[in-house]
Amino acid sequence: MANLRAIKTQIKSVWNLKKITRALEVVSTVKLQKLKNQAESLKDYLVDLMTIVSTVGRYHSIFGETTQSVSAKKLVVVISSERGLCWGLNSKLLRKINKECGKENVEYFVIGKKGLEYFKRVGADIVWSLAVGDNFTEETLLPLFTFFDQALTSNEYAEVKLYFNYFKNSMFQIPTSVELFPFRQEAFSQFLEDINVDIVEPEIGDKDLMIEPDVETYMDELRRQIRNFVIMSAMVQNKTGEHAARMIAMKNAKDNATQFSKSLKLTFNKARQWAITQEISEIVSAKIAIEG
């Protein structure tokens with residue numbers, strides 16, 4: 001009977017686990033759909049922004065930015081998840097960072113608890129960390145934008161790269177990097193290709209355009225807005241990939257719990273049948289012994 005009691009306890013535990021994973025799957029599914037809509041809105045904003053750039057004929061002029069820093073330091077901005085239970089989402093990204101960045105002259109700005117835990121564990125040089133929930137806004141990332149602007153103004157870094165997980169579909173999240181400084185056309189064009197954005201230059205004819213207050217101020221502000229957009233888009237992509245990965249992981253966990261529960265019930269029924277058969281055999285044997 002002790003064995004039957006243990007199996008019943010195990011069945012109950014697996015059933016509770018199934019209910020938890022089912023709830024997590026539903027929550028991740030809802031959040032995934034919401035973030036997909038946000039990602040589409042960001043794409044629309046980028047198209048409008050780049051249309052403005054193309055309208056004034058300055059698309060190629062915003063690139064070719066050169067660094068004046070005498071420092072060899074690199075800044076790596078890492079976007080990771082705040083919670084686990086999302087397959088190898090973070091581990092694949094961290095392996096890519098370790099492979100490409102090395103350990104010399106590298107400083108890290110880490111967004112997300114999981115990335116922060118890892119870089120603390122390996123003793124990396126963390127200059128700042130930021131915790132971002134699911135309902136984040138541009139104001140939430142203000143510390144990063146401020147730090148980034150100050151670093152560029154003081155020419156503190158020779159290179160700045162952003163690492164995040166790009167959401168391709170619900171099954172695939174791809175570790176991706178974008179170069180934020182120096183601002184090169186090849187890197188930005190690759191980013192546009194990754195997020196499936198096509199920029200069509202409008203025809204403005206012979207219209208006169210006025211840029212205020214001056215072209216240089218316009219270019220600096222444009223680069224700043226594009227960089228902020230790339231960071232914001234990367235956050236949305238990473239969050240979308242996180243919920244997609246968690247949704248699939250919880251679905252698999254729920255399915256495995258269902259199968260395991262069926263297996264345990266079968267084992268329980270076999271054990272109960274064996275116990276009943278044994279009791280009947282003992283009663284019959286005792287009756288025969290008494291009558292004999």
# chains A, B, ... in the order shown; residues from 1 in each chain; ligands from 1
$ residues_around --residues "region 143-156 of chain A" --least-positions-apart "6" --cutoff "10 Å" --atoms "only C-alpha atoms" --output "VMD selection string"
chain A and resid 67 to 75 77 109 to 111 127 to 130 180 to 182 224 227 to 228 231
$ closest_residue --among "A:Phe229, A:Val14, A:Asp134, A:Glu221" --to "Gln259 (chain A)" --atoms "only C-alpha atoms"
A:Val14
$ residues_around --residues "region 31-39 of chain A" --least-positions-apart "2" --cutoff "12 Å" --atoms "only C-alpha atoms" --output "number ranges by chain"
A: 24-29, 41-46, 133-137, 166-170, 195-197, 229-230, 232-248
$ closest_residue --among "A:Leu4, A:Val178, A:Ala249, A:Met171" --to "Leu85 (chain A)" --atoms "only C-alpha atoms"
A:Ala249
$ closest_residue --among "A:Ala124, A:Ile7, A:Val284, A:Ile174" --to "Cys101 (chain A)" --atoms "only C-alpha atoms"
A:Ala124
